[in-house]
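Engineer: Input structure: coords.cif, which contains mmCIF, C-alpha atoms and all ligand atoms.
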```cif
data_model
#
loop_
_atom_site.label_atom_id
_atom_site.label_comp_id
_atom_site.auth_asym_id
_atom_site.auth_seq_id
_atom_site.Cartn_x
_atom_site.Cartn_y
_atom_site.Cartn_z
CA MET A 1 165.42 198.11 50.39
CA ARG A 2 162.37 199.07 48.39
CA ILE A 3 161.55 199.72 44.75
CA TRP A 4 161.98 203.36 43.78
CA PRO A 5 158.70 204.37 42.14
CA THR A 6 160.07 205.93 38.94
CA ASN A 7 156.55 205.38 37.64
CA PRO A 8 153.28 205.13 39.62
CA PHE A 9 152.29 201.66 40.89
CA GLU A 10 148.89 200.10 41.41
CA ASN A 11 148.18 198.85 44.91
CA VAL A 12 148.06 195.21 43.74
CA LEU A 13 150.74 192.56 44.27
CA LEU A 14 150.72 190.05 41.44
CA THR A 15 151.75 186.48 42.07
CA ARG A 16 150.90 184.43 38.97
CA GLY A 17 149.33 184.42 35.51
CA GLU A 18 147.58 182.01 33.20
CA GLY A 19 146.30 182.83 29.73
CA CYS A 20 144.88 186.36 29.77
CA ARG A 21 144.47 186.48 33.55
CA VAL A 22 146.76 187.35 36.43
CA TRP A 23 146.17 186.81 40.16
CA ASP A 24 147.14 188.85 43.19
CA GLU A 25 148.41 187.65 46.57
CA ASP A 26 144.85 187.41 47.91
CA GLY A 27 143.76 185.19 45.03
CA ASN A 28 141.80 187.90 43.17
CA ALA A 29 141.80 187.38 39.40
CA TYR A 30 142.26 190.16 36.83
CA LEU A 31 141.62 190.02 33.10
CA ASP A 32 144.64 191.76 31.64
CA LEU A 33 143.51 193.88 28.70
CA LEU A 34 146.99 195.32 28.31
CA ALA A 35 149.10 192.16 27.94
CA GLY A 36 151.37 193.61 30.66
CA CYS A 37 153.04 196.43 28.75
CA TRP A 38 151.50 195.10 25.48
CA CYS A 39 153.98 192.24 25.51
CA THR A 40 152.36 188.94 26.56
CA VAL A 41 150.60 188.44 23.24
CA LEU A 42 150.38 184.65 23.76
CA GLY A 43 149.00 185.10 27.28
CA HIS A 44 150.80 183.63 30.28
CA GLY A 45 152.17 180.09 30.36
CA HIS A 46 151.77 179.19 26.68
CA PRO A 47 152.97 175.55 26.74
CA ARG A 48 155.18 175.78 23.62
CA LEU A 49 156.85 178.96 24.79
CA THR A 50 157.36 177.57 28.28
CA GLU A 51 158.92 174.41 26.85
CA ALA A 52 161.21 176.40 24.52
CA VAL A 53 162.37 178.49 27.49
CA ARG A 54 163.03 175.39 29.58
CA GLU A 55 165.00 173.73 26.77
CA GLN A 56 166.98 176.81 25.84
CA THR A 57 168.02 177.61 29.40
CA THR A 58 169.57 174.14 29.51
CA GLU A 59 171.06 174.34 26.01
CA LEU A 60 172.61 177.85 25.83
CA ILE A 61 171.35 181.17 27.13
CA HIS A 62 174.12 183.62 26.33
CA ALA A 63 177.10 183.49 24.00
CA GLY A 64 178.68 186.97 24.06
CA PRO A 65 178.78 189.47 21.18
CA PRO A 66 181.56 187.77 19.14
CA PHE A 67 179.60 184.52 18.81
CA LEU A 68 176.61 183.71 16.66
CA SER A 69 174.50 180.61 17.28
CA ASP A 70 172.20 178.30 15.39
CA ARG A 71 169.34 179.83 17.39
CA ILE A 72 170.03 183.34 16.14
CA HIS A 73 170.16 182.04 12.55
CA GLN A 74 166.80 180.33 13.10
CA ALA A 75 165.38 183.62 14.34
CA THR A 76 166.57 185.55 11.27
CA GLY A 77 165.07 182.77 9.14
CA LYS A 78 161.70 183.19 10.85
CA LEU A 79 161.80 186.99 10.52
CA ALA A 80 162.57 186.58 6.81
CA GLU A 81 159.27 184.67 6.48
CA ILE A 82 157.24 187.62 7.71
CA LEU A 83 159.13 190.64 6.36
CA PRO A 84 159.64 191.94 2.80
CA PRO A 85 162.66 190.21 1.18
CA ALA A 86 164.69 193.42 0.95
CA LEU A 87 164.83 193.55 4.75
CA ASP A 88 167.51 190.95 5.31
CA ARG A 89 169.91 192.32 7.90
CA ALA A 90 168.98 191.90 11.58
CA VAL A 91 170.36 192.69 15.02
CA PHE A 92 168.64 191.22 18.09
CA LEU A 93 168.51 193.29 21.26
CA ASN A 94 166.32 193.34 24.36
CA THR A 95 164.06 196.36 24.57
CA GLY A 96 162.19 198.60 22.18
CA SER A 97 164.08 201.66 23.41
CA GLU A 98 167.45 200.11 22.60
CA ALA A 99 166.23 199.02 19.21
CA VAL A 100 164.97 202.54 18.39
CA GLU A 101 168.32 203.91 19.56
CA LEU A 102 170.20 201.57 17.20
CA ALA A 103 167.86 202.37 14.30
CA LEU A 104 168.56 206.08 14.78
CA LYS A 105 172.30 205.46 14.92
CA MET A 106 172.06 203.40 11.72
CA ALA A 107 170.16 206.18 9.96
CA ARG A 108 172.70 208.78 10.97
CA ALA A 109 175.65 206.58 10.04
CA ALA A 110 174.11 205.67 6.67
CA THR A 111 173.15 209.20 5.64
CA GLY A 112 175.65 211.40 7.45
CA ALA A 113 172.69 213.66 8.27
CA ASP A 114 171.56 214.36 11.82
CA ALA A 115 167.94 215.54 11.79
CA ILE A 116 165.16 213.07 12.56
CA VAL A 117 161.55 213.72 11.57
CA ALA A 118 159.29 212.52 14.38
CA ILE A 119 155.55 212.64 14.78
CA ALA A 120 154.32 214.79 17.67
CA ARG A 121 152.65 213.00 20.62
CA SER A 122 154.54 209.78 19.89
CA TYR A 123 156.71 207.80 22.27
CA TYR A 124 159.84 206.11 21.01
CA GLY A 125 161.42 204.86 24.22
CA ALA A 126 163.11 205.65 27.52
CA THR A 127 166.76 205.87 26.41
CA THR A 128 168.19 209.34 25.81
CA TYR A 129 167.88 209.63 22.04
CA ALA A 130 164.50 207.90 21.83
CA LEU A 131 163.13 209.94 24.73
CA SER A 132 164.43 213.24 23.38
CA LEU A 133 162.40 212.62 20.20
CA SER A 134 159.32 211.62 22.21
CA GLU A 135 156.61 213.92 23.46
CA ALA A 136 157.34 212.70 27.00
CA GLY A 137 160.98 213.74 26.62
CA ARG A 138 160.10 217.31 25.79
CA ALA A 139 158.90 217.82 29.37
CA VAL A 140 162.22 216.64 30.80
CA GLY A 141 164.12 219.89 31.18
CA TRP A 142 167.46 218.33 32.19
CA LEU A 143 167.57 215.99 29.20
CA PRO A 144 169.54 217.58 26.38
CA PRO A 145 168.12 216.86 22.92
CA VAL A 146 170.31 214.49 20.90
CA GLY A 147 170.82 215.85 17.42
CA SER A 148 168.07 217.86 15.82
CA ALA A 149 164.44 216.91 15.48
CA VAL A 150 161.70 218.07 13.14
CA ARG A 151 158.30 217.45 14.70
CA ILE A 152 155.28 217.14 12.48
CA PRO A 153 151.69 217.14 13.78
CA ALA A 154 150.09 213.81 14.62
CA PRO A 155 147.65 212.46 12.00
CA ASP A 156 144.79 213.04 14.42
CA CYS A 157 141.91 213.37 11.95
CA ARG A 158 139.27 213.97 14.61
CA ASN A 159 141.06 217.10 15.68
CA CYS A 160 142.46 218.10 12.29
CA PRO A 161 143.88 221.62 12.59
CA ALA A 162 143.03 222.21 8.91
CA GLY A 163 139.44 221.10 9.51
CA GLU A 164 139.65 218.38 6.84
CA ASN A 165 136.85 215.89 6.75
CA TRP A 166 137.47 212.24 7.45
CA PRO A 167 138.53 210.28 5.45
CA CYS A 168 141.22 212.70 4.41
CA ASN A 169 143.18 212.45 1.17
CA GLU A 170 145.35 215.51 1.38
CA PHE A 171 146.98 215.05 4.79
CA PRO A 172 147.55 218.73 5.68
CA CYS A 173 149.35 217.41 8.78
CA LEU A 174 152.20 216.55 6.37
CA ASP A 175 152.49 220.10 5.02
CA PRO A 176 155.53 220.98 7.19
CA LEU A 177 157.34 218.00 5.68
CA ARG A 178 156.29 218.92 2.14
CA GLU A 179 157.69 222.40 2.72
CA LEU A 180 160.91 220.91 4.06
CA ALA A 181 161.19 218.65 1.00
CA GLU A 182 160.67 221.64 -1.31
CA ARG A 183 163.21 223.84 0.50
CA LYS A 184 165.73 221.02 0.98
CA ASP A 185 167.62 223.33 3.34
CA ARG A 186 168.07 220.69 6.03
CA THR A 187 169.61 217.25 5.78
CA VAL A 188 167.40 214.62 7.30
CA ALA A 189 168.68 211.21 8.41
CA ALA A 190 165.32 209.53 8.92
CA VAL A 191 161.59 209.83 9.21
CA ILE A 192 160.39 207.64 12.09
CA PHE A 193 156.83 206.37 11.73
CA GLU A 194 154.72 204.47 14.24
CA PRO A 195 151.87 203.06 12.12
CA VAL A 196 149.32 203.45 14.95
CA LEU A 197 150.24 206.00 17.60
CA ALA A 198 150.07 204.12 20.88
CA ASN A 199 151.07 206.97 23.12
CA ALA A 200 148.69 209.51 21.60
CA GLY A 201 145.66 207.54 22.83
CA VAL A 202 145.78 205.06 19.91
CA ILE A 203 145.54 207.37 16.92
CA VAL A 204 144.93 205.39 13.75
CA PRO A 205 146.13 207.27 10.65
CA PRO A 206 143.99 206.76 7.55
CA ILE A 207 145.30 204.26 5.00
CA GLY A 208 147.45 206.24 2.58
CA TYR A 209 149.15 208.36 5.25
CA GLY A 210 152.07 205.93 5.67
CA SER A 211 152.76 205.76 1.91
CA ARG A 212 152.65 209.53 1.64
CA LEU A 213 155.10 209.82 4.54
CA ARG A 214 157.35 207.20 2.97
CA ALA A 215 157.38 209.12 -0.34
CA LEU A 216 158.28 212.35 1.46
CA ALA A 217 161.13 210.57 3.25
CA ALA A 218 162.46 209.52 -0.17
CA GLU A 219 162.17 213.10 -1.44
CA LEU A 220 164.23 214.20 1.55
CA ASP A 221 166.84 211.46 0.83
CA ALA A 222 166.07 210.26 4.35
CA LEU A 223 165.63 206.68 5.55
CA PHE A 224 162.17 205.53 6.53
CA ILE A 225 162.03 203.81 9.91
CA ALA A 226 158.92 201.79 10.71
CA GLU A 227 158.73 201.95 14.51
CA GLU A 228 156.84 198.73 15.13
CA VAL A 229 157.63 198.22 18.81
CA THR A 230 153.92 198.21 19.65
CA THR A 231 152.28 197.70 16.25
CA GLY A 232 154.54 194.87 15.08
CA MET A 233 154.18 191.09 15.18
CA GLY A 234 150.45 190.97 14.61
CA ARG A 235 149.12 193.59 16.99
CA THR A 236 147.20 195.46 14.27
CA GLY A 237 145.87 192.30 12.61
CA ARG A 238 148.73 192.13 10.08
CA TRP A 239 152.30 191.12 10.80
CA PHE A 240 153.40 194.76 10.78
CA GLY A 241 151.59 198.07 10.85
CA PHE A 242 153.20 199.02 7.52
CA ASP A 243 151.64 195.91 5.95
CA HIS A 244 148.31 197.76 5.82
CA GLU A 245 149.85 199.76 2.97
CA GLU A 246 152.32 198.87 0.24
CA ILE A 247 155.38 200.14 2.06
CA VAL A 248 158.85 198.69 2.34
CA PRO A 249 160.68 200.57 5.09
CA ASP A 250 164.46 200.96 5.17
CA ILE A 251 164.56 199.97 8.83
CA VAL A 252 162.02 198.15 10.99
CA VAL A 253 162.15 198.30 14.78
CA ILE A 254 160.52 195.37 16.58
CA GLY A 255 159.98 194.90 20.33
CA LYS A 256 157.40 193.78 22.87
CA ALA A 257 155.42 191.00 21.11
CA ILE A 258 158.50 189.31 19.64
CA GLY A 259 159.47 188.17 23.16
CA ALA A 260 155.90 187.50 24.30
CA GLY A 261 156.82 188.76 27.78
CA PHE A 262 160.58 188.17 27.67
CA PRO A 263 162.85 191.12 26.76
CA VAL A 264 163.56 190.64 23.06
CA ALA A 265 163.77 193.30 20.35
CA ALA A 266 165.21 193.51 16.87
CA VAL A 267 166.28 196.02 14.26
CA VAL A 268 165.94 194.80 10.70
CA THR A 269 167.27 196.67 7.70
CA THR A 270 168.49 196.24 4.15
CA ALA A 271 171.87 195.28 2.71
CA GLU A 272 171.97 198.76 1.19
CA VAL A 273 171.70 200.46 4.59
CA GLU A 274 174.37 198.12 5.95
CA ALA A 275 176.66 198.99 3.04
CA ARG A 276 176.05 202.71 3.51
CA CYS A 277 177.03 202.40 7.19
CA ALA A 278 180.26 200.54 6.35
CA GLY A 279 183.02 201.61 8.69
CA GLY A 280 180.76 204.11 10.42
CA LEU A 281 178.78 202.02 12.85
CA THR A 282 179.81 199.81 15.72
CA HIS A 283 177.24 198.61 18.21
CA VAL A 284 178.01 196.11 20.96
CA GLN A 285 175.78 195.17 23.88
CA SER A 286 176.08 192.31 26.36
CA HIS A 287 172.88 190.62 25.27
CA GLN A 288 173.03 191.41 21.58
CA ASN A 289 172.08 188.38 19.47
CA ASP A 290 171.79 186.08 22.51
CA PRO A 291 170.85 182.50 21.60
CA PHE A 292 168.06 182.74 24.17
CA SER A 293 166.56 185.78 22.40
CA GLY A 294 166.89 183.95 19.08
CA ARG A 295 165.08 180.90 20.40
CA LEU A 296 162.30 183.07 21.82
CA ALA A 297 161.86 185.12 18.65
CA ALA A 298 161.77 182.03 16.41
CA THR A 299 159.33 180.27 18.74
CA VAL A 300 157.02 183.27 19.00
CA VAL A 301 156.88 183.68 15.20
CA SER A 302 156.17 179.93 14.79
CA ILE A 303 153.39 179.99 17.38
CA LEU A 304 151.81 183.10 15.83
CA GLN A 305 151.96 181.45 12.38
CA GLU A 306 150.80 177.98 13.36
CA GLU A 307 148.01 179.10 15.66
CA GLY A 308 146.77 181.78 13.23
CA LEU A 309 147.12 184.42 15.93
CA VAL A 310 147.70 187.37 13.63
CA GLU A 311 144.36 186.63 11.97
CA ARG A 312 142.96 186.13 15.46
CA ALA A 313 144.18 189.62 16.46
CA ALA A 314 142.32 191.01 13.43
CA SER A 315 139.04 189.20 14.14
CA ALA A 316 139.16 189.72 17.92
CA GLY A 317 139.93 193.40 17.27
CA ASP A 318 136.87 193.67 15.02
CA TYR A 319 134.73 192.03 17.69
CA LEU A 320 136.01 194.28 20.46
CA LEU A 321 135.63 197.41 18.33
CA SER A 322 132.07 196.58 17.31
CA GLY A 323 131.16 195.78 20.94
CA LEU A 324 132.60 199.12 22.00
CA LYS A 325 130.81 200.97 19.20
CA ALA A 326 127.54 199.41 20.36
CA LEU A 327 128.39 200.59 23.86
CA GLN A 328 129.11 204.08 22.53
CA SER A 329 125.58 204.25 21.12
CA ARG A 330 124.23 203.70 24.65
CA GLN A 331 126.85 205.60 26.66
CA THR A 332 127.06 209.22 25.59
CA CYS A 333 130.22 209.77 27.63
CA ILE A 334 132.16 207.92 24.90
CA ALA A 335 133.30 210.37 22.25
CA GLU A 336 135.11 207.95 19.94
CA VAL A 337 136.09 204.32 19.64
CA ARG A 338 139.01 203.61 17.31
CA GLY A 339 141.55 200.93 16.62
CA ARG A 340 143.30 198.61 14.25
CA GLY A 341 143.40 194.94 15.20
CA LEU A 342 143.85 194.51 18.93
CA MET A 343 145.09 198.05 19.45
CA VAL A 344 142.07 199.96 20.65
CA GLY A 345 141.46 203.47 21.99
CA ILE A 346 138.30 204.74 23.66
CA GLU A 347 138.08 208.50 23.98
CA LEU A 348 135.74 210.04 26.53
CA GLN A 349 133.90 213.33 26.13
CA PRO A 350 135.95 216.24 27.53
CA ALA A 351 133.50 216.64 30.46
CA TRP A 352 134.50 213.12 31.55
CA SER A 353 138.26 213.66 31.48
CA SER A 354 138.65 213.56 35.27
CA ARG A 355 136.26 210.61 35.65
CA GLY A 356 138.36 208.36 33.40
CA THR A 357 140.82 207.61 36.20
CA THR A 358 137.95 206.57 38.48
CA VAL A 359 136.60 204.31 35.72
CA ALA A 360 140.01 202.61 35.41
CA GLN A 361 140.24 202.21 39.20
CA ARG A 362 136.76 200.72 39.46
CA LEU A 363 137.54 198.34 36.61
CA LEU A 364 140.68 197.23 38.44
CA GLN A 365 138.66 196.65 41.62
CA SER A 366 136.25 194.56 39.51
CA GLY A 367 139.10 192.50 38.04
CA PHE A 368 139.95 194.23 34.73
CA ILE A 369 143.28 195.83 33.84
CA VAL A 370 143.03 198.74 31.39
CA ASN A 371 145.05 201.91 30.89
CA TYR A 372 143.66 205.45 31.01
CA GLN A 373 145.61 208.46 29.74
CA PRO A 374 144.07 211.62 31.27
CA HIS A 375 145.92 213.92 28.83
CA ASN A 376 144.31 212.15 25.88
CA THR A 377 141.04 211.46 27.75
CA ALA A 378 141.46 207.98 26.36
CA PHE A 379 141.55 204.36 27.48
CA ARG A 380 143.92 202.00 25.73
CA LEU A 381 143.27 198.30 25.31
CA LEU A 382 146.01 196.04 23.90
CA PRO A 383 145.10 192.57 25.16
CA PRO A 384 146.83 189.27 24.41
CA TYR A 385 145.90 187.92 20.95
CA VAL A 386 144.48 184.83 22.67
CA ILE A 387 141.74 186.78 24.43
CA SER A 388 138.51 184.84 24.02
CA THR A 389 135.11 186.17 22.95
CA PRO A 390 133.57 185.46 26.40
CA GLN A 391 136.46 187.37 28.02
CA MET A 392 135.82 190.36 25.74
CA ASP A 393 132.10 190.16 26.59
CA GLU A 394 132.97 190.06 30.28
CA PHE A 395 134.96 193.27 29.88
CA LEU A 396 132.30 195.01 27.78
CA GLU A 397 129.69 194.27 30.43
CA ALA A 398 131.91 195.45 33.28
CA PHE A 399 132.86 198.61 31.36
CA GLU A 400 129.22 199.47 30.75
CA THR A 401 128.36 198.84 34.41
CA VAL A 402 131.11 201.19 35.59
CA LEU A 403 130.26 203.91 33.03
CA SER A 404 126.56 203.70 33.94
CA SER A 405 127.30 203.90 37.67
CA LEU A 406 129.27 207.11 37.14
CA SER A 407 126.69 208.64 34.77
CA GLU A 408 124.00 208.63 37.41
C1 LIG B 1 155.89 202.82 20.29
C2 LIG B 1 156.91 202.47 21.32
N1 LIG B 1 158.19 202.58 21.01
C3 LIG B 1 159.16 202.26 21.89
C4 LIG B 1 158.85 201.82 23.17
C5 LIG B 1 159.94 201.47 24.13
O1 LIG B 1 160.01 200.09 24.31
P1 LIG B 1 160.62 199.49 25.66
O2 LIG B 1 159.75 199.95 26.78
O3 LIG B 1 160.60 198.01 25.43
O4 LIG B 1 162.00 199.99 25.78
C6 LIG B 1 157.51 201.71 23.53
C7 LIG B 1 157.13 201.27 24.89
O5 LIG B 1 156.02 201.36 25.33
C8 LIG B 1 156.51 202.04 22.58
O6 LIG B 1 155.21 201.95 22.86
#
```
Output the file's structure in the form of structure tokens.

Structural biologist:
Amino acid sequence: MRIWPTNPFENVLLTRGEGCRVWDEDGNAYLDLLAGCWCTVLGHGHPRLTEAVREQTTELIHAGPPFLSDRIHQATGKLAEILPPALDRAVFLNTGSEAVELALKMARAATGADAIVAIARSYYGATTYALSLSEAGRAVGWLPPVGSAVRIPAPDCRNCPAGENWPCNEFPCLDPLRELAERKDRTVAAVIFEPVLANAGVIVPPIGYGSRLRALAAELDALFIAEEVTTGMGRTGRWFGFDHEEIVPDIVVIGKAIGAGFPVAAVVTTAEVEARCAGGLTHVQSHQNDPFSGRLAATVVSILQEEGLVERAASAGDYLLSGLKALQSRQTCIAEVRGRGLMVGIELQPAWSSRGTTVAQRLLQSGFIVNYQPHNTAFRLLPPYVISTPQMDEFLEAFETVLSSLSE
């Protein structure tokens, strides 16, 4: 038997990891600037996480949907420390996709409406509903859309269709939603908002965009879902992407970082949303609210708090961004460097679009794992929060060497 390549694989066989590095079967080391799939925010082998896993596998891994555990209560307690007080109803799941799916179901059950407002070029997950709202899903001809979707343009200020200057105050990209709110001829269940658009080559909306979107959701009587699968748990230098503005969402979707490499996700909402769903929503999954997930989530929040890693994501992000901006001043192939916290995008000039893949391959051969999206002409860097300054310098130097070698 072999693995069916439902996605392309690198020709590297990984055998172990430590901190921000992983090693292949031949002993070659790689600095992982992606934290796997943006998940291993504590790096590999964090001693407290490893110990919690060891203990919990002995204590109790799985209980079954009808049973709660002390561990799941501890996890809700830890989430309450980092979320606005109104958000006090949680469900723990395993993946971001599942959590998005549940959030969408909640919104439809609570409002009785079926349309979802989604931002173009976003990715919300691989399950049917999440994928049908995603840009990636639109290319899948055999996948029927689930319910109706209203797509609004991405807040991509560099390529603003209205030609607004940065920083923008008017957000013409929200005009379709303003018109919808004025007409009120469609019932909308939710507006789903990813505070930094990971899939669109790390688009960072200006501060103010999220609040404006939240206000429009309220005008539409729709729920506001903060889709924090990638941006949540410190990635942007604050606990959540919405924390950069004064927003309290109706539903928050959390994934990736909350498990630090293990599959843990959560949907958190308000008592009001729960009450509005009364009698209309049942959701049961094998690993829902597992004690093991609870232990992991509580441990990850504690480690992030006690080791100051959210602040570390902010300062490391600043360092990486300023290093890349310095590089941009020397390497004219870089069109833009952007990011918030440790969520960084590097866009190449259009003439370099086909060379980006070669850059990523050469970096891999030199021991650096990055992601390049040819359709956005952009690299994405989402390293573990524990990445050190010398490791970032190592990458900056290697990146410059590769860019220079291809410029000649
Ligand atoms: C913004 C966003 N939402 C949802 C998902 C889906 O999460 P998962 O792959 O854990 O199902 C992803 C995955 O990359 C993501 O980036």

Engineer: Let me have all residues with an atom within 8 Å of ligand LIG 1 (chain B), counting all atoms listed in the file, laid out as JSON, numbers by chain.

Structural biologist: {"A": [37, 38, 94, 95, 96, 97, 98, 99, 100, 122, 123, 124, 125, 126, 127, 130, 194, 197, 198, 199, 227, 228, 229, 230, 231, 255, 256, 263, 265]}

Engineer: Excluding Ser132 of chain A and its own-chain neighbours fewer than 6 positions away, which residues fall within 9 Å of it when counting only C-alpha atoms? Please give them as a PDB file with C-alpha atoms, in the frame of the given file.

Structural biologist:
```
ATOM      1  CA  TYR A 124     159.840 206.110  21.010  1.00  0.00           C
ATOM      2  CA  GLY A 125     161.420 204.860  24.220  1.00  0.00           C
ATOM      3  CA  ALA A 126     163.110 205.650  27.520  1.00  0.00           C
ATOM      4  CA  ARG A 138     160.100 217.310  25.790  1.00  0.00           C
ATOM      5  CA  VAL A 140     162.220 216.640  30.800  1.00  0.00           C
ATOM      6  CA  LEU A 143     167.570 215.990  29.200  1.00  0.00           C
ATOM      7  CA  PRO A 144     169.540 217.580  26.380  1.00  0.00           C
ATOM      8  CA  PRO A 145     168.120 216.860  22.920  1.00  0.00           C
ATOM      9  CA  VAL A 146     170.310 214.490  20.900  1.00  0.00           C
ATOM     10  CA  ALA A 149     164.440 216.910  15.480  1.00  0.00           C
TER      11      ALA A 149
END
```

Engineer: Rounded to one decimal place, report the atom CA of Ile225 of chain A-atom CA of Gln288 of chain A distance in Å.

Structural biologist: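 Going from atom CA of Ile225 of chain A over to atom CA of Gln288 of chain A, I get 20.3 Å.
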
Engineer: Any chance you could tabulate, as JSON lines, the residues of segment 295-407 of chain A at most 10 Å from segment 20-27 of chain A with each one's nearest atom pair and distance in Å to one decimal, using all atoms listed in the file, in chain and rising number order?

Structural biologist:
```
{"residue": "A:Gly367", "atom": "CA", "partner": "A:Arg21", "partner_atom": "CA", "distance": 9.2}
{"residue": "A:Phe368", "atom": "CA", "partner": "A:Arg21", "partner_atom": "CA", "distance": 9.0}
{"residue": "A:Ile369", "atom": "CA", "partner": "A:Arg21", "partner_atom": "CA", "distance": 9.4}
{"residue": "A:Pro383", "atom": "CA", "partner": "A:Cys20", "partner_atom": "CA", "distance": 7.7}
{"residue": "A:Pro384", "atom": "CA", "partner": "A:Cys20", "partner_atom": "CA", "distance": 6.4}
{"residue": "A:Tyr385", "atom": "CA", "partner": "A:Cys20", "partner_atom": "CA", "distance": 9.0}
{"residue": "A:Val386", "atom": "CA", "partner": "A:Cys20", "partner_atom": "CA", "distance": 7.3}
{"residue": "A:Ile387", "atom": "CA", "partner": "A:Cys20", "partner_atom": "CA", "distance": 6.2}
{"residue": "A:Ser388", "atom": "CA", "partner": "A:Cys20", "partner_atom": "CA", "distance": 8.7}
{"residue": "A:Gln391", "atom": "CA", "partner": "A:Cys20", "partner_atom": "CA", "distance": 8.7}
```

Engineer: Separation of atom CA of Ser405 of chain A and atom CA of Gly341 of chain A, in Å?

Structural biologist: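 Atom-to-atom, atom CA of Ser405 of chain A and atom CA of Gly341 of chain A are spaced 29.1 Å apart.
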
Engineer: Atom CA of Val370 of chain A to atom CA of Leu33 of chain A: how many Å, to one decimal?

Structural biologist: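 Separating atom CA of Val370 of chain A from atom CA of Leu33 of chain A is a distance of 5.6 Å.
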
Engineer: Measuring atom to atom with all atoms listed in the file, identify which of A:Thr111, A:Gln349, A:Ser315, A:Gln56 is nearest to Ala278 of chain A.

Structural biologist: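 That would be A:Thr111, the residue with the smallest distance to Ala278 of chain A.
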
Engineer: Given all atoms listed in the file as the basis, pick out the residue of A:Asn371, A:Thr270, A:Ser329, A:Gln74 nearest to Leu87 of chain A.

Structural biologist: A:Thr270
